[in-house]
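Undergrad: Coordinates in target-v3.txt, compact mmCIF, C-alpha atoms and all ligand atoms, are listed below.
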```txt
# COMPACT_ATOMS: atom_id res chain seq x y z
CA MET A 1 5.21 -23.00 -41.10
CA ALA A 2 8.78 -21.80 -40.60
CA GLY A 3 10.59 -22.99 -37.52
CA VAL A 4 13.32 -25.24 -36.23
CA THR A 5 12.48 -28.89 -35.53
CA LEU A 6 14.26 -29.88 -32.32
CA ALA A 7 13.02 -33.46 -32.31
CA PRO A 8 10.21 -35.33 -34.03
CA GLY A 9 7.03 -33.48 -33.12
CA VAL A 10 8.88 -30.68 -31.27
CA THR A 11 9.21 -27.45 -33.21
CA LEU A 12 10.67 -24.17 -32.01
CA PHE A 13 9.03 -21.21 -33.68
CA ASP A 14 12.08 -19.05 -34.03
CA LEU A 15 10.84 -16.14 -36.06
CA ALA A 16 10.52 -12.74 -34.47
CA HIS A 17 6.75 -12.55 -34.71
CA GLY A 18 5.63 -16.03 -35.76
CA ARG A 19 3.24 -17.99 -33.62
CA ALA A 20 2.14 -21.58 -33.52
CA PRO A 21 -1.12 -22.40 -35.38
CA ASP A 22 -2.96 -23.09 -32.11
CA GLU A 23 -1.62 -20.01 -30.34
CA PRO A 24 -4.14 -17.14 -30.23
CA ALA A 25 -3.24 -13.61 -31.28
CA SER A 26 -1.92 -11.65 -28.32
CA SER A 27 -3.22 -8.35 -27.06
CA LYS A 28 0.33 -7.57 -25.91
CA VAL A 29 1.06 -6.87 -29.57
CA ARG A 30 -0.37 -4.09 -31.71
CA TRP A 31 0.65 -4.47 -35.31
CA GLY A 32 0.98 -1.25 -37.24
CA MET A 33 2.64 0.51 -40.11
CA LEU A 34 4.47 3.82 -40.42
CA VAL A 35 4.49 5.38 -43.90
CA ASP A 36 7.30 7.91 -44.40
CA LEU A 37 6.11 10.22 -47.16
CA ASN A 38 9.56 11.78 -47.42
CA ARG A 39 10.70 8.45 -48.84
CA CYS A 40 7.58 7.55 -50.85
CA ALA A 41 8.01 8.38 -54.56
CA SER A 42 4.91 9.87 -56.17
CA ASP A 43 5.42 7.89 -59.39
CA CYS A 44 5.88 4.54 -57.62
CA ASP A 45 3.03 2.08 -57.04
CA ALA A 46 5.05 -0.99 -56.10
CA CYS A 47 2.98 -1.39 -52.91
CA VAL A 48 -0.27 -1.44 -54.87
CA THR A 49 1.03 -3.97 -57.40
CA ALA A 50 2.41 -6.20 -54.66
CA CYS A 51 -0.90 -6.14 -52.76
CA ASP A 52 -2.83 -7.17 -55.87
CA ARG A 53 -0.40 -10.00 -56.59
CA GLU A 54 -0.24 -11.24 -53.00
CA ASN A 55 -3.99 -11.30 -52.45
CA GLY A 56 -5.18 -12.40 -55.89
CA LEU A 57 -6.84 -9.08 -56.72
CA PRO A 58 -7.27 -8.19 -60.39
CA SER A 59 -4.38 -6.15 -61.77
CA GLU A 60 -6.57 -4.82 -64.59
CA LYS A 61 -8.91 -2.52 -62.67
CA THR A 62 -12.45 -1.58 -63.60
CA ALA A 63 -14.55 1.03 -61.80
CA THR A 64 -15.88 -1.68 -59.46
CA SER A 65 -12.72 -3.72 -58.88
CA ALA A 66 -11.64 -4.48 -55.33
CA GLN A 67 -8.59 -2.53 -54.23
CA TRP A 68 -7.05 -2.81 -50.77
CA ILE A 69 -4.38 -0.12 -51.07
CA ARG A 70 -4.41 3.00 -53.22
CA LYS A 71 -2.06 5.87 -53.94
CA VAL A 72 -4.25 8.89 -53.14
CA GLU A 73 -3.40 12.47 -54.13
CA LEU A 74 -3.84 14.63 -51.03
CA LYS A 75 -3.75 18.42 -51.29
CA ASP A 76 -2.65 20.55 -48.34
CA LEU A 77 -3.97 24.01 -47.45
CA ARG A 78 -1.30 25.68 -49.65
CA GLY A 79 -2.37 23.59 -52.64
CA ALA A 80 0.68 21.29 -52.66
CA THR A 81 -0.17 17.66 -53.43
CA ARG A 82 1.28 14.47 -51.93
CA SER A 83 0.83 10.96 -53.21
CA VAL A 84 -0.12 8.93 -50.16
CA PRO A 85 -0.56 5.15 -49.87
CA VAL A 86 -3.88 4.55 -48.09
CA MET A 87 -5.14 1.19 -46.93
CA CYS A 88 -7.31 -0.01 -44.03
CA GLN A 89 -5.95 1.93 -41.07
CA HIS A 90 -6.64 -0.93 -38.63
CA CYS A 91 -8.41 1.38 -36.22
CA ALA A 92 -8.33 0.58 -32.52
CA ASP A 93 -11.98 1.70 -32.37
CA PRO A 94 -13.20 0.55 -35.78
CA PRO A 95 -16.65 1.82 -36.82
CA CYS A 96 -16.80 -0.95 -39.45
CA VAL A 97 -16.93 -3.46 -36.59
CA ASP A 98 -19.51 -1.44 -34.65
CA VAL A 99 -22.02 -1.41 -37.51
CA CYS A 100 -21.61 -4.97 -38.79
CA PRO A 101 -24.89 -6.82 -38.08
CA THR A 102 -23.41 -10.31 -38.28
CA GLY A 103 -20.08 -9.95 -36.50
CA ALA A 104 -18.25 -10.64 -39.76
CA SER A 105 -16.16 -7.51 -39.25
CA PHE A 106 -13.94 -8.04 -36.27
CA LYS A 107 -10.72 -6.88 -34.66
CA ARG A 108 -8.15 -9.41 -33.54
CA ALA A 109 -6.44 -9.06 -30.17
CA ASP A 110 -3.31 -7.86 -31.95
CA GLY A 111 -5.17 -4.98 -33.63
CA ILE A 112 -5.67 -6.44 -37.12
CA VAL A 113 -9.17 -5.69 -38.46
CA LEU A 114 -10.58 -8.43 -40.69
CA VAL A 115 -13.75 -9.64 -42.42
CA ASP A 116 -14.94 -13.23 -41.98
CA ARG A 117 -16.14 -14.06 -45.49
CA HIS A 118 -18.22 -16.96 -44.18
CA THR A 119 -20.50 -14.65 -42.21
CA CYS A 120 -20.37 -11.49 -44.33
CA ILE A 121 -23.77 -10.98 -45.98
CA GLY A 122 -22.59 -8.15 -48.23
CA CYS A 123 -24.81 -5.50 -46.69
CA ARG A 124 -21.98 -2.94 -47.03
CA TYR A 125 -22.78 -1.12 -43.79
CA CYS A 126 -19.07 -1.27 -43.00
CA MET A 127 -18.20 0.45 -46.27
CA MET A 128 -20.48 3.33 -45.36
CA ALA A 129 -19.05 3.50 -41.83
CA CYS A 130 -15.38 3.49 -42.86
CA PRO A 131 -14.17 7.10 -43.10
CA TYR A 132 -11.13 6.05 -45.13
CA LYS A 133 -13.09 4.31 -47.91
CA ALA A 134 -10.78 1.39 -47.28
CA ARG A 135 -13.20 -1.42 -48.05
CA SER A 136 -14.26 -2.97 -51.35
CA PHE A 137 -17.32 -4.98 -52.32
CA VAL A 138 -16.61 -7.90 -54.62
CA HIS A 139 -18.94 -7.41 -57.57
CA GLU A 140 -17.45 -9.84 -60.03
CA PRO A 141 -16.92 -13.61 -59.85
CA VAL A 142 -13.50 -14.25 -58.32
CA THR A 143 -10.82 -15.92 -60.40
CA GLY A 144 -7.18 -16.63 -59.67
CA GLN A 145 -7.68 -17.07 -55.93
CA ARG A 146 -4.68 -17.47 -53.68
CA PRO A 147 -5.26 -20.39 -51.29
CA GLU A 148 -4.23 -18.34 -48.26
CA VAL A 149 -6.52 -15.43 -49.17
CA PRO A 150 -10.03 -16.76 -49.83
CA ARG A 151 -12.27 -14.24 -51.57
CA GLY A 152 -15.87 -14.39 -52.75
CA LYS A 153 -18.36 -12.47 -54.87
CA GLY A 154 -20.87 -10.66 -52.66
CA CYS A 155 -18.48 -10.14 -49.73
CA VAL A 156 -16.73 -7.04 -48.50
CA GLU A 157 -12.97 -7.13 -48.04
CA SER A 158 -10.04 -4.89 -47.18
CA CYS A 159 -6.35 -4.91 -46.28
CA THR A 160 -5.59 -7.74 -43.85
CA LEU A 161 -2.08 -6.44 -43.10
CA CYS A 162 -1.14 -9.71 -44.85
CA VAL A 163 -2.17 -11.58 -41.71
CA HIS A 164 -1.23 -14.89 -43.35
CA ARG A 165 2.36 -13.64 -43.56
CA ILE A 166 2.43 -11.99 -40.13
CA ASP A 167 1.29 -15.16 -38.39
CA ARG A 168 4.34 -16.87 -39.88
CA GLY A 169 6.73 -14.15 -38.81
CA GLY A 170 6.72 -12.34 -42.15
CA ILE A 171 5.98 -8.79 -43.18
CA PRO A 172 3.18 -7.43 -45.40
CA ALA A 173 3.73 -7.72 -49.14
CA CYS A 174 3.53 -3.94 -49.64
CA VAL A 175 6.31 -3.37 -47.11
CA GLU A 176 8.48 -6.01 -48.76
CA ALA A 177 7.89 -4.53 -52.22
CA CYS A 178 8.66 -1.00 -51.04
CA GLU A 179 11.90 -2.22 -49.51
CA ALA A 180 12.80 -3.92 -52.79
CA THR A 181 12.51 -0.61 -54.66
CA GLY A 182 15.01 0.94 -52.24
CA HIS A 183 12.53 3.54 -51.01
CA GLU A 184 11.88 1.80 -47.68
CA ALA A 185 8.95 4.13 -47.08
CA ILE A 186 6.75 1.67 -45.14
CA LEU A 187 7.82 0.28 -41.79
CA PHE A 188 5.89 -2.57 -40.19
CA GLY A 189 6.08 -3.65 -36.57
CA ASP A 190 4.67 -3.82 -33.08
CA LEU A 191 3.57 -0.40 -31.85
CA ASN A 192 3.34 -1.78 -28.30
CA ASP A 193 6.98 -2.89 -28.16
CA PRO A 194 9.10 0.09 -27.08
CA HIS A 195 12.18 -1.62 -28.53
CA SER A 196 10.68 -2.04 -32.02
CA GLU A 197 11.87 0.27 -34.79
CA ILE A 198 8.34 1.47 -35.48
CA ALA A 199 7.67 2.34 -31.83
CA LYS A 200 11.00 4.19 -31.59
CA ARG A 201 10.26 6.17 -34.74
CA VAL A 202 6.74 7.05 -33.55
CA ALA A 203 8.18 8.14 -30.19
CA THR A 204 10.97 10.19 -31.80
CA TYR A 205 9.43 11.89 -34.81
CA PRO A 206 6.16 13.76 -35.36
CA THR A 207 3.66 11.43 -37.01
CA THR A 208 0.13 11.93 -38.23
CA ALA A 209 -2.97 9.78 -38.15
CA LEU A 210 -5.32 10.39 -41.06
CA ARG A 211 -8.51 12.07 -39.79
CA ALA A 212 -7.09 12.12 -36.27
CA ASP A 213 -10.11 14.23 -35.32
CA LEU A 214 -12.25 11.09 -35.47
CA LYS A 215 -10.23 9.56 -32.60
CA LEU A 216 -10.31 6.05 -34.09
CA ASP A 217 -6.64 5.50 -33.11
CA PRO A 218 -5.44 4.05 -36.43
CA GLY A 219 -2.63 1.50 -36.46
CA VAL A 220 -1.27 3.16 -39.63
CA ARG A 221 0.68 6.38 -39.05
CA TYR A 222 2.26 8.81 -41.49
CA GLN A 223 5.51 10.72 -41.30
CA GLY A 224 6.10 13.83 -43.39
CA LEU A 225 2.42 14.63 -43.92
S1 LIG B 301 -9.93 1.96 -41.84
FE1 LIG B 301 -12.10 1.52 -42.22
S2 LIG B 301 -12.18 -0.69 -42.59
FE2 LIG B 301 -10.21 -0.28 -41.61
S3 LIG B 301 -10.57 -0.58 -39.37
FE3 LIG B 301 -10.87 1.63 -39.81
S4 LIG B 301 -13.07 1.82 -40.19
FE4 LIG B 301 -12.59 -0.38 -40.38
S1 LIG B 302 -20.83 -6.14 -45.61
FE1 LIG B 302 -20.24 -7.95 -44.37
S2 LIG B 302 -18.60 -7.23 -43.01
FE2 LIG B 302 -19.63 -5.38 -43.85
S3 LIG B 302 -21.20 -4.85 -42.31
FE3 LIG B 302 -22.21 -6.18 -43.81
S4 LIG B 302 -21.99 -8.28 -42.98
FE4 LIG B 302 -20.52 -6.96 -41.86
```
Is it possible to give me this structure as structure tokens?
TA:
Amino acid sequence: MAGVTLAPGVTLFDLAHGRAPDEPASSKVRWGMLVDLNRCASDCDACVTACDRENGLPSEKTATSAQWIRKVELKDLRGATRSVPVMCQHCADPPCVDVCPTGASFKRADGIVLVDRHTCIGCRYCMMACPYKARSFVHEPVTGQRPEVPRGKGCVESCTLCVHRIDRGGIPACVEACEATGHEAILFGDLNDPHSEIAKRVATYPTTALRADLKLDPGVRYQGL
């Protein structure tokens, strides 16, 4: 855990968003992402590659492989196509949580929607309920696990917003990778903090929620769509 040790046993957690291990997630925060499609290059998939690497997902995909973020070709009414990164939208009113019979699907106080792999029974109700097709069922035995991202055959999983990074004051791997390419198309931050860059951008520019008609209040917004 990053922080500054003031004295033996006394640590100041100095990072912008980090929290101590015993500190619960706060409902004062709503983590979100803003994807600027004017900056996103159609031939770039650095976010997808970074997600696979960060979370131990297979880079060689089969038809049934888990995938937490995709580049999806969307066509507008004039026939023009856009390549759009789509991941779990971390809905404020998530239908995946509503339908889960075991409580394995849950939303944290800070808006991150997760699956508890210990209680997921693999019924896949949540996959049917998710209008964004954001969830994957793990069909194959899992190899190459990352210790911070436990996965298991027979469970459903989806984008965690890289919660293991966020809780240490970091940013999601896809955001970091996009920044490294120079595109800087994905902005991460606290939508509830009026002083955050993401909140200022959402307040200043027109943004779109995918399938806004469903009124699920996604934590992922799009600019330039
Ligand atoms: S995008 Fe799908 S999986 Fe993610 S919170 Fe919304 S309904 Fe649930
Ligand atoms: S697959 Fe798991 S997380 Fe999804 S609804 Fe069933 S028990 Fe809940």
Undergrad: For ligand LIG 302 (chain B), return the neighbouring residues as a ChimeraX atom specification (distance at most 9 Å; all atoms listed in the file).
TA: /A:96-106,114-117,119-129,135,137,154-157
Undergrad: Please compute the atom CA of Leu225 of chain A-atom CA of Arg53 of chain A distance, one decimal, in Å.
TA: 27.8 Å
Undergrad: Edge lengths and centre in Å to one decimal, as lines of an AutoDock Vina configuration file, of the axis-aligned box that encloses all listed atoms of segment 36-47 of chain A with 3 Å added on every side?
TA:
```
center_x = 6.8
center_y = 5.2
center_z = -51.9
size_x = 13.7
size_y = 19.2
size_z = 21.0
```
Undergrad: Nearest to Gly56 of chain A: which of A:Val35, A:Ala199, A:Val149, A:Val86 is it, counting all atoms listed in the file?
TA: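 Comparing A:Val35, A:Ala199, A:Val149, A:Val86 against Gly56 of chain A, the winner is A:Val149.
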Undergrad: Enumerate as an NGL selection string the residues within 7 Å of ligand LIG 301 (chain B), counting only C-alpha atoms and all ligand atoms.
TA: :A and (88-91 or 94-97 or 113 or 126 or 129-135 or 158 or 218)
Undergrad: Choose the residue, out of A:Val72, A:Ser26, A:Ala203, A:Ala92, that has the smallest atom-to-atom separation from Asp217 of chain A; count only C-alpha atoms.
TA: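 Smallest distance to Asp217 of chain A is found for A:Ala92.
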Undergrad: Which protein, DNA or RNA residues have an atom at most 8 Å from (6.2, -2.9, -47.2), counting only C-alpha atoms? List them as a list in words.
TA: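 Residues satisfying the cut-off, written out: Cys47, Ile171, Pro172, Ala173, Cys174, Val175, Glu176, Ala177, Cys178, Glu179, Glu184, Ala185, Ile186, Leu187 and Phe188 of chain A.
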Undergrad: Hey, which of A:Val84, A:Cys162, A:Val142, A:Ile112 ends up closest to Leu37 of chain A? Count only C-alpha atoms.
TA: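 Of the candidates, the smallest distance to Leu37 of chain A is held by A:Val84.
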Undergrad: As a list in words, please: the residues near Ile198 of chain A (cut-off 10 Å, all atoms listed in the file, same-chain neighbours under 6 positions excluded).
TA: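 Near neighbours after the sequence-gap exclusion: Trp31, Gly32, Met33, Leu34, Ile186, Leu187, Phe188, Gly189, Asp190, Leu191, Asn192, Thr204 and Arg221 of chain A.
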Undergrad: Please produce an output containing C-alpha atoms for each residue in the selection, written as a short mmCIF file (atom, residue, chain, number, x, y, z; two decimals), in the frame of the given file.
TA:
```cif
data_model
loop_
_atom_site.label_atom_id
_atom_site.label_comp_id
_atom_site.auth_asym_id
_atom_site.auth_seq_id
_atom_site.Cartn_x
_atom_site.Cartn_y
_atom_site.Cartn_z
CA TRP A 31 0.65 -4.47 -35.31
CA GLY A 32 0.98 -1.25 -37.24
CA MET A 33 2.64 0.51 -40.11
CA LEU A 34 4.47 3.82 -40.42
CA ILE A 186 6.75 1.67 -45.14
CA LEU A 187 7.82 0.28 -41.79
CA PHE A 188 5.89 -2.57 -40.19
CA GLY A 189 6.08 -3.65 -36.57
CA ASP A 190 4.67 -3.82 -33.08
CA LEU A 191 3.57 -0.40 -31.85
CA ASN A 192 3.34 -1.78 -28.30
CA THR A 204 10.97 10.19 -31.80
CA ARG A 221 0.68 6.38 -39.05
#
```
Undergrad: With distances taken over only C-alpha atoms, which of A:Thr64, A:Ala46, A:Arg201, A:Val29 is nearest to Lys153 of chain A?
TA: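 Among the listed residues, A:Thr64 lies closest to Lys153 of chain A.
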Undergrad: Could you jot down the atom CA of Cys40 of chain A to atom CA of Ala212 of chain A separation for me, Å, one decimal place?
TA: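 Interatomic distance here is 21.2 Å.
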Undergrad: Would you mind listing what lies within 10 Å of Tyr205 of chain A as a list in words, with all atoms listed in the file counted and same-chain residues fewer than 5 positions away left out?
TA: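 Counting only the stated atoms, we get Lys200, Gln223 and Gly224 of chain A.
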Undergrad: Keeping C-alpha atoms, export the residues of the selection given above as a PDB file, in the coordinates of the input.
TA:
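Output saved as out.pdb:
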```pdb
ATOM      1  CA  LYS A 200      11.000   4.190 -31.590  1.00  0.00           C
ATOM      2  CA  GLN A 223       5.510  10.720 -41.300  1.00  0.00           C
ATOM      3  CA  GLY A 224       6.100  13.830 -43.390  1.00  0.00           C
TER       4      GLY A 224
END
```
Undergrad: Calculated over all atoms listed in the file, which of the candidates A:Arg165, A:Arg30, A:Lys71, A:Arg211 has the smallest distance to Asp43 of chain A?
TA: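 Of all the options, A:Lys71 lies closest to Asp43 of chain A.
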Undergrad: For a cut-off of 8 Å around (-1.0, 6.7, -34.6), file coordinates, pick out all residues using only C-alpha atoms and list them as an mmCIF file with C-alpha atoms, in the coordinates of the input.
TA:
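Here's the written file result-v1.cif:
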```cif
data_model
loop_
_atom_site.group_PDB
_atom_site.id
_atom_site.type_symbol
_atom_site.label_atom_id
_atom_site.label_comp_id
_atom_site.auth_asym_id
_atom_site.auth_seq_id
_atom_site.Cartn_x
_atom_site.Cartn_y
_atom_site.Cartn_z
ATOM 1 C CA VAL A 202 6.740 7.050 -33.550
ATOM 2 C CA THR A 207 3.660 11.430 -37.010
ATOM 3 C CA THR A 208 0.130 11.930 -38.230
ATOM 4 C CA ALA A 209 -2.970 9.780 -38.150
ATOM 5 C CA ASP A 217 -6.640 5.500 -33.110
ATOM 6 C CA PRO A 218 -5.440 4.050 -36.430
ATOM 7 C CA GLY A 219 -2.630 1.500 -36.460
ATOM 8 C CA VAL A 220 -1.270 3.160 -39.630
ATOM 9 C CA ARG A 221 0.680 6.380 -39.050
ATOM 10 C CA TYR A 222 2.260 8.810 -41.490
#
```
Undergrad: Could you check how far atom CA of Pro206 of chain A sits from atom CA of Arg108 of chain A, in Å to one decimal?
TA: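 Between atom CA of Pro206 of chain A and atom CA of Arg108 of chain A the gap is 27.3 Å.
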Undergrad: Please determine, counting all atoms listed in the file, which residue among A:Gly152, A:Gln67, A:His195, A:Asp93 has the shortest atom-to-atom distance to Leu216 of chain A.
TA: A:Asp93
Undergrad: Restrict the output to segment 48-82 of chain A and N, CA and C atoms, then write it as a compact mmCIF listing (two decimals), in the first residue's frame.
TA:
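As written to disk, part_0.txt reads:
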```txt
# COMPACT_ATOMS: atom_id res chain seq x y z
N VAL A 48 -7.83 -2.49 -24.59
CA VAL A 48 -8.22 -3.90 -24.53
C VAL A 48 -7.02 -4.76 -24.11
N THR A 49 -5.89 -4.51 -24.73
CA THR A 49 -4.68 -5.28 -24.41
C THR A 49 -4.28 -5.07 -22.95
N ALA A 50 -4.36 -3.83 -22.50
CA ALA A 50 -3.97 -3.53 -21.11
C ALA A 50 -4.90 -4.21 -20.12
N CYS A 51 -6.19 -4.24 -20.43
CA CYS A 51 -7.17 -4.89 -19.54
C CYS A 51 -6.86 -6.38 -19.43
N ASP A 52 -6.60 -7.02 -20.57
CA ASP A 52 -6.28 -8.45 -20.55
C ASP A 52 -5.05 -8.72 -19.69
N ARG A 53 -4.03 -7.89 -19.89
CA ARG A 53 -2.77 -8.09 -19.17
C ARG A 53 -2.97 -7.85 -17.67
N GLU A 54 -3.67 -6.79 -17.33
CA GLU A 54 -3.84 -6.41 -15.92
C GLU A 54 -4.63 -7.46 -15.14
N ASN A 55 -5.64 -8.05 -15.81
CA ASN A 55 -6.57 -8.91 -15.10
C ASN A 55 -6.35 -10.39 -15.36
N GLY A 56 -5.30 -10.72 -16.10
CA GLY A 56 -4.98 -12.12 -16.35
C GLY A 56 -5.94 -12.80 -17.30
N LEU A 57 -6.56 -12.02 -18.20
CA LEU A 57 -7.46 -12.60 -19.19
C LEU A 57 -6.63 -13.10 -20.37
N PRO A 58 -7.11 -14.13 -21.06
CA PRO A 58 -6.32 -14.66 -22.18
C PRO A 58 -6.21 -13.64 -23.31
N SER A 59 -5.00 -13.48 -23.83
CA SER A 59 -4.81 -12.54 -24.95
C SER A 59 -5.21 -13.20 -26.27
N GLU A 60 -5.06 -14.53 -26.33
CA GLU A 60 -5.52 -15.27 -27.52
C GLU A 60 -6.99 -15.60 -27.29
N LYS A 61 -7.89 -14.93 -28.01
CA LYS A 61 -9.32 -15.08 -27.75
C LYS A 61 -9.93 -16.21 -28.58
N THR A 62 -10.82 -16.97 -27.92
CA THR A 62 -11.68 -17.88 -28.64
C THR A 62 -13.10 -17.30 -28.58
N ALA A 63 -14.05 -17.98 -29.19
CA ALA A 63 -15.42 -17.47 -29.21
C ALA A 63 -16.00 -17.36 -27.81
N THR A 64 -15.46 -18.13 -26.85
CA THR A 64 -16.03 -18.13 -25.50
C THR A 64 -15.13 -17.45 -24.47
N SER A 65 -14.06 -16.83 -24.91
CA SER A 65 -13.14 -16.22 -23.95
C SER A 65 -13.77 -15.03 -23.24
N ALA A 66 -13.41 -14.87 -21.96
CA ALA A 66 -13.85 -13.69 -21.22
C ALA A 66 -13.20 -12.44 -21.80
N GLN A 67 -13.99 -11.38 -21.86
CA GLN A 67 -13.46 -10.10 -22.33
C GLN A 67 -14.20 -9.00 -21.59
N TRP A 68 -13.46 -8.13 -20.92
CA TRP A 68 -14.08 -7.12 -20.06
C TRP A 68 -14.23 -5.78 -20.75
N ILE A 69 -13.47 -5.54 -21.80
CA ILE A 69 -13.63 -4.32 -22.59
C ILE A 69 -13.45 -4.70 -24.06
N ARG A 70 -14.28 -4.11 -24.90
CA ARG A 70 -14.23 -4.40 -26.34
C ARG A 70 -14.22 -3.10 -27.10
N LYS A 71 -13.64 -3.11 -28.30
CA LYS A 71 -13.87 -2.02 -29.24
C LYS A 71 -15.04 -2.46 -30.12
N VAL A 72 -16.14 -1.72 -30.04
CA VAL A 72 -17.37 -2.08 -30.75
C VAL A 72 -17.61 -1.08 -31.87
N GLU A 73 -17.92 -1.57 -33.06
CA GLU A 73 -18.24 -0.69 -34.19
C GLU A 73 -19.71 -0.27 -34.09
N LEU A 74 -19.94 1.00 -33.84
CA LEU A 74 -21.31 1.52 -33.77
C LEU A 74 -21.60 2.31 -35.03
N LYS A 75 -22.78 2.12 -35.59
CA LYS A 75 -23.18 2.82 -36.81
C LYS A 75 -24.27 3.84 -36.47
N ASP A 76 -24.09 5.10 -36.92
CA ASP A 76 -25.13 6.08 -36.64
C ASP A 76 -26.19 6.04 -37.74
N LEU A 77 -27.21 6.93 -37.61
CA LEU A 77 -28.34 6.87 -38.52
C LEU A 77 -27.96 7.20 -39.96
N ARG A 78 -26.81 7.90 -40.14
CA ARG A 78 -26.35 8.22 -41.51
C ARG A 78 -25.45 7.12 -42.07
N GLY A 79 -25.19 6.09 -41.27
CA GLY A 79 -24.37 4.98 -41.75
C GLY A 79 -22.90 5.11 -41.39
N ALA A 80 -22.50 6.22 -40.77
CA ALA A 80 -21.10 6.39 -40.37
C ALA A 80 -20.81 5.50 -39.17
N THR A 81 -19.62 4.88 -39.14
CA THR A 81 -19.29 4.00 -38.03
C THR A 81 -18.26 4.65 -37.11
N ARG A 82 -18.35 4.31 -35.84
CA ARG A 82 -17.38 4.74 -34.82
C ARG A 82 -16.91 3.51 -34.08
```
